[in-house]
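Visitor: Please read through the structure below; I'll follow up with questions.
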Amino acid sequence: MAADMRLPTIQKSASLSVFDLNRKDLVVPGDVITLDTGFMRGHGTYVDDDKLTASVAGEVQRVDKLICVRPLKTRFNGEVGDVVVGRITEVQQKRWKVETNSRLDSVLLLSSVNLPGGELRRRSAEDELTMREYLHEGDLISAEVQSVFTDGALSMHTRSLKYGKLGQGVLVQLSPSLIKRQKTHFHNLPCGASMILGNNGYVWLYPTPEHLDEEAGGFYTSLEPVGLLDREVISRLRNCLLALSAYKVLLYDTSVLYCYESSVHHQVKDILKPEVMEEIVMLTQQKLLDQKG
């Protein structure tokens, strides 16, 4: 009797193997991905009795004959060109160590930042001595991944006015797998706040600046008091991000904005109540479906 009850499960795993290769499917550890021995084993998989099996819970991805499983909950695995938000943890010789939610600390070289005033010259010993005047421990920065070392550590740069030291705002730490890859991760939302969606799962919310000081080279941060209305908008956006994250909704400018619009009938403090959160997320998902349809 017990053997008969287990039989449908075995048949289900075998039948899934036909469709997993044609579309992206979610699998859990132990699920059979394919019975075809012609495929190569990638990350998140292992071979058991000539069957390619998932070793982590995640999304099946296929590139030609290589099959891997991308985990749903994981540390940030950076690629060249990724936008990241990180925190300076250490000042070293000609470099800063940055915490970016990855397995290893990332590196920001002194030669990879703009000098104040936008000077273009070789970095001198004097620049090395004044590194803490540019960035010190605890500072938050936005940067772009320039290269990946052989051990997986990331090298970053801030050679653009849109990158640099972050001023007043709120940092929200989410899962990197929920951030949708887009052409731009810097968004000025119509609600009056701006957002940096870091590929590493760190999201920075801040008041939209009236002007950008180009002479500062990315190191100037405004310390002007933030108005009550701006603080309320940022708090609402922060709670909307947490609500979408709790229901595993992909985060990008449109989904965040729809969630914000769906939450305006509730007070900021009520958004994270389970029943209100469910209502707001359901409305957001319906708007996203209507947009696609």
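Numbering starts fresh at 1 for the residues of each chain in the structure tokens, the chains themselves are lettered A, B, ... in the order given, and ligands are numbered from 1 as they appear.
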Report as a list in words all protein, DNA and RNA residues lying within 6 Å of range 63-68 of chain A, evaluated on only C-alpha atoms, omitting residues in the same chain fewer than 2 positions from it.

Guide: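 My list of contacting residues is Phe39, Met40, Arg41, Gly42, His43, Gly44 and Gln61 of chain A.
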
Visitor: Can you write out the residues you just picked, keeping C-alpha atoms, as a short mmCIF file (atom, residue, chain, number, x, y, z; two decimals), in the first residue's frame?

Guide:
data_model
loop_
_atom_site.label_atom_id
_atom_site.label_comp_id
_atom_site.auth_asym_id
_atom_site.auth_seq_id
_atom_site.Cartn_x
_atom_site.Cartn_y
_atom_site.Cartn_z
CA PHE A 39 23.17 17.71 -20.37
CA MET A 40 26.03 19.09 -18.27
CA ARG A 41 25.73 19.58 -14.51
CA GLY A 42 25.80 23.22 -13.39
CA HIS A 43 25.57 25.01 -10.04
CA GLY A 44 22.79 23.79 -7.76
CA GLN A 61 18.07 27.91 -15.95
#

Visitor: Just the residues within 10 Å of range 175-190 of chain A, please, counting only C-alpha atoms, with nothing from its chain fewer than 6 positions along; format it as a compact mmCIF listing (two decimals) with N, CA, C and O atoms, in the first residue's frame.

Guide:
# COMPACT_ATOMS: atom_id res chain seq x y z
N GLY A 58 15.08 26.62 -6.10
CA GLY A 58 15.27 27.78 -6.95
C GLY A 58 14.70 27.59 -8.34
O GLY A 58 13.84 26.73 -8.57
N ARG A 70 19.23 28.42 -10.03
CA ARG A 70 19.53 29.68 -9.35
C ARG A 70 18.74 29.73 -8.05
O ARG A 70 17.51 29.74 -8.08
N PRO A 71 19.39 29.75 -6.88
CA PRO A 71 18.67 29.73 -5.60
C PRO A 71 17.79 30.96 -5.43
O PRO A 71 18.14 32.06 -5.88
N LEU A 72 16.64 30.78 -4.78
CA LEU A 72 15.74 31.90 -4.52
C LEU A 72 16.26 32.78 -3.40
O LEU A 72 15.99 33.98 -3.35
N LYS A 73 16.99 32.20 -2.46
CA LYS A 73 17.54 32.97 -1.34
C LYS A 73 19.03 32.70 -1.29
O LYS A 73 19.46 31.60 -0.99
N THR A 74 19.82 33.72 -1.60
CA THR A 74 21.26 33.51 -1.68
C THR A 74 21.98 34.83 -1.47
O THR A 74 21.37 35.90 -1.47
N ARG A 75 23.27 34.74 -1.27
CA ARG A 75 24.10 35.94 -1.24
C ARG A 75 24.23 36.49 -2.66
O ARG A 75 23.97 35.80 -3.64
N PHE A 76 24.65 37.74 -2.74
CA PHE A 76 24.76 38.42 -4.03
C PHE A 76 25.97 37.91 -4.81
O PHE A 76 27.09 37.92 -4.32
N ASN A 77 25.73 37.41 -6.02
CA ASN A 77 26.80 37.03 -6.93
C ASN A 77 26.88 38.08 -8.03
O ASN A 77 26.09 38.06 -8.98
N GLY A 78 27.81 38.99 -7.89
CA GLY A 78 27.86 40.16 -8.77
C GLY A 78 28.39 39.85 -10.15
O GLY A 78 29.17 38.92 -10.36
N ASP A 82 26.77 45.60 -12.72
CA ASP A 82 25.71 45.64 -11.70
C ASP A 82 25.82 46.91 -10.86
O ASP A 82 26.92 47.34 -10.49
N VAL A 83 24.67 47.51 -10.56
CA VAL A 83 24.61 48.65 -9.64
C VAL A 83 24.44 48.13 -8.23
O VAL A 83 23.57 47.29 -7.97
N VAL A 84 25.29 48.58 -7.30
CA VAL A 84 25.22 48.09 -5.93
C VAL A 84 25.19 49.27 -4.95
O VAL A 84 25.70 50.36 -5.25
N ASN A 101 26.65 42.64 0.67
CA ASN A 101 25.73 41.49 0.77
C ASN A 101 26.21 40.30 -0.05
O ASN A 101 25.43 39.43 -0.42
N SER A 102 27.51 40.26 -0.37
CA SER A 102 28.07 39.11 -1.08
C SER A 102 28.90 38.26 -0.12
O SER A 102 29.06 38.61 1.06
N LYS A 162 26.49 59.93 -11.03
CA LYS A 162 25.32 59.31 -10.40
C LYS A 162 25.73 58.37 -9.27
O LYS A 162 24.89 57.99 -8.46
N TYR A 163 27.01 57.99 -9.21
CA TYR A 163 27.51 57.16 -8.12
C TYR A 163 28.22 58.03 -7.10
O TYR A 163 28.55 59.18 -7.36
N ILE A 196 17.21 53.98 -5.36
CA ILE A 196 18.28 53.23 -6.03
C ILE A 196 18.06 51.76 -5.71
O ILE A 196 18.14 51.34 -4.55
N LEU A 197 17.74 50.98 -6.74
CA LEU A 197 17.51 49.54 -6.56
C LEU A 197 18.83 48.80 -6.81
O LEU A 197 19.17 48.51 -7.96
N GLY A 198 19.57 48.53 -5.77
CA GLY A 198 20.84 47.83 -5.93
C GLY A 198 20.62 46.38 -6.31
O GLY A 198 19.76 45.70 -5.75
N ASN A 199 21.41 45.89 -7.28
CA ASN A 199 21.31 44.48 -7.66
C ASN A 199 21.64 43.54 -6.51
O ASN A 199 21.29 42.36 -6.54
N ASN A 200 22.32 44.06 -5.49
CA ASN A 200 22.70 43.24 -4.35
C ASN A 200 21.62 43.15 -3.28
O ASN A 200 21.84 42.59 -2.21
N GLY A 201 20.43 43.70 -3.55
CA GLY A 201 19.32 43.60 -2.61
C GLY A 201 19.21 44.78 -1.66
O GLY A 201 18.27 44.86 -0.88
N TYR A 202 20.16 45.71 -1.72
CA TYR A 202 20.10 46.91 -0.88
C TYR A 202 19.41 48.01 -1.67
O TYR A 202 19.85 48.36 -2.77
N VAL A 203 18.33 48.56 -1.11
CA VAL A 203 17.56 49.61 -1.78
C VAL A 203 17.70 50.89 -0.96
O VAL A 203 17.51 50.88 0.25
N TRP A 204 18.04 51.98 -1.64
CA TRP A 204 18.24 53.26 -0.97
C TRP A 204 17.10 54.21 -1.37
O TRP A 204 16.86 54.44 -2.55
N LEU A 205 16.39 54.74 -0.37
CA LEU A 205 15.30 55.69 -0.58
C LEU A 205 15.72 57.05 -0.04
O LEU A 205 16.23 57.13 1.09
N TYR A 206 15.51 58.10 -0.82
CA TYR A 206 15.96 59.42 -0.39
C TYR A 206 15.11 60.50 -1.07
O TYR A 206 14.48 60.25 -2.11
N PRO A 207 15.06 61.72 -0.49
CA PRO A 207 14.30 62.81 -1.12
C PRO A 207 14.92 63.18 -2.46
O PRO A 207 16.14 63.21 -2.59
N THR A 208 14.09 63.44 -3.45
CA THR A 208 14.61 63.81 -4.77
C THR A 208 15.35 65.15 -4.68
O THR A 208 14.76 66.15 -4.26
N PRO A 209 16.66 65.18 -5.03
CA PRO A 209 17.43 66.43 -4.92
C PRO A 209 16.97 67.45 -5.96
O PRO A 209 16.61 67.10 -7.08
N LEU A 244 5.96 43.95 -0.51
CA LEU A 244 6.21 43.23 -1.76
C LEU A 244 7.22 42.11 -1.55
O LEU A 244 7.08 41.02 -2.11
N SER A 245 8.24 42.38 -0.74
CA SER A 245 9.25 41.37 -0.47
C SER A 245 8.66 40.17 0.28
O SER A 245 9.04 39.02 0.02
N LYS A 248 7.13 37.95 -2.13
CA LYS A 248 8.05 37.55 -3.20
C LYS A 248 7.67 38.13 -4.56
O LYS A 248 7.72 37.46 -5.59
N VAL A 249 7.27 39.41 -4.57
CA VAL A 249 6.96 40.11 -5.81
C VAL A 249 8.23 40.76 -6.35
O VAL A 249 8.98 41.38 -5.59
N LEU A 250 8.49 40.62 -7.65
CA LEU A 250 9.68 41.18 -8.26
C LEU A 250 9.68 42.71 -8.11
O LEU A 250 8.66 43.36 -8.36
N LEU A 251 10.82 43.28 -7.70
CA LEU A 251 10.89 44.71 -7.40
C LEU A 251 11.50 45.48 -8.56
O LEU A 251 12.63 45.22 -8.97
N TYR A 252 10.76 46.42 -9.10
CA TYR A 252 11.25 47.38 -10.08
C TYR A 252 10.38 48.62 -9.96
O TYR A 252 9.43 48.64 -9.16
N ASP A 253 10.68 49.67 -10.72
CA ASP A 253 10.01 50.95 -10.50
C ASP A 253 8.49 50.85 -10.61
O ASP A 253 7.76 51.44 -9.80
N THR A 254 7.98 50.10 -11.60
CA THR A 254 6.53 50.01 -11.81
C THR A 254 5.83 49.30 -10.66
O THR A 254 4.79 49.77 -10.16
N VAL A 256 6.82 48.96 -7.55
CA VAL A 256 6.90 49.77 -6.33
C VAL A 256 5.89 50.92 -6.41
O VAL A 256 5.21 51.24 -5.42
N LEU A 257 5.78 51.55 -7.59
CA LEU A 257 4.86 52.67 -7.74
C LEU A 257 3.41 52.22 -7.63
O LEU A 257 2.59 52.88 -6.97

Visitor: Between A:Glu128, A:Asp105, A:Asp139, A:Asp36, which is the closest to Arg87 in chain A once you count only C-alpha atoms?

Guide: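 Smallest separation from Arg87 in chain A among the options: A:Asp139.
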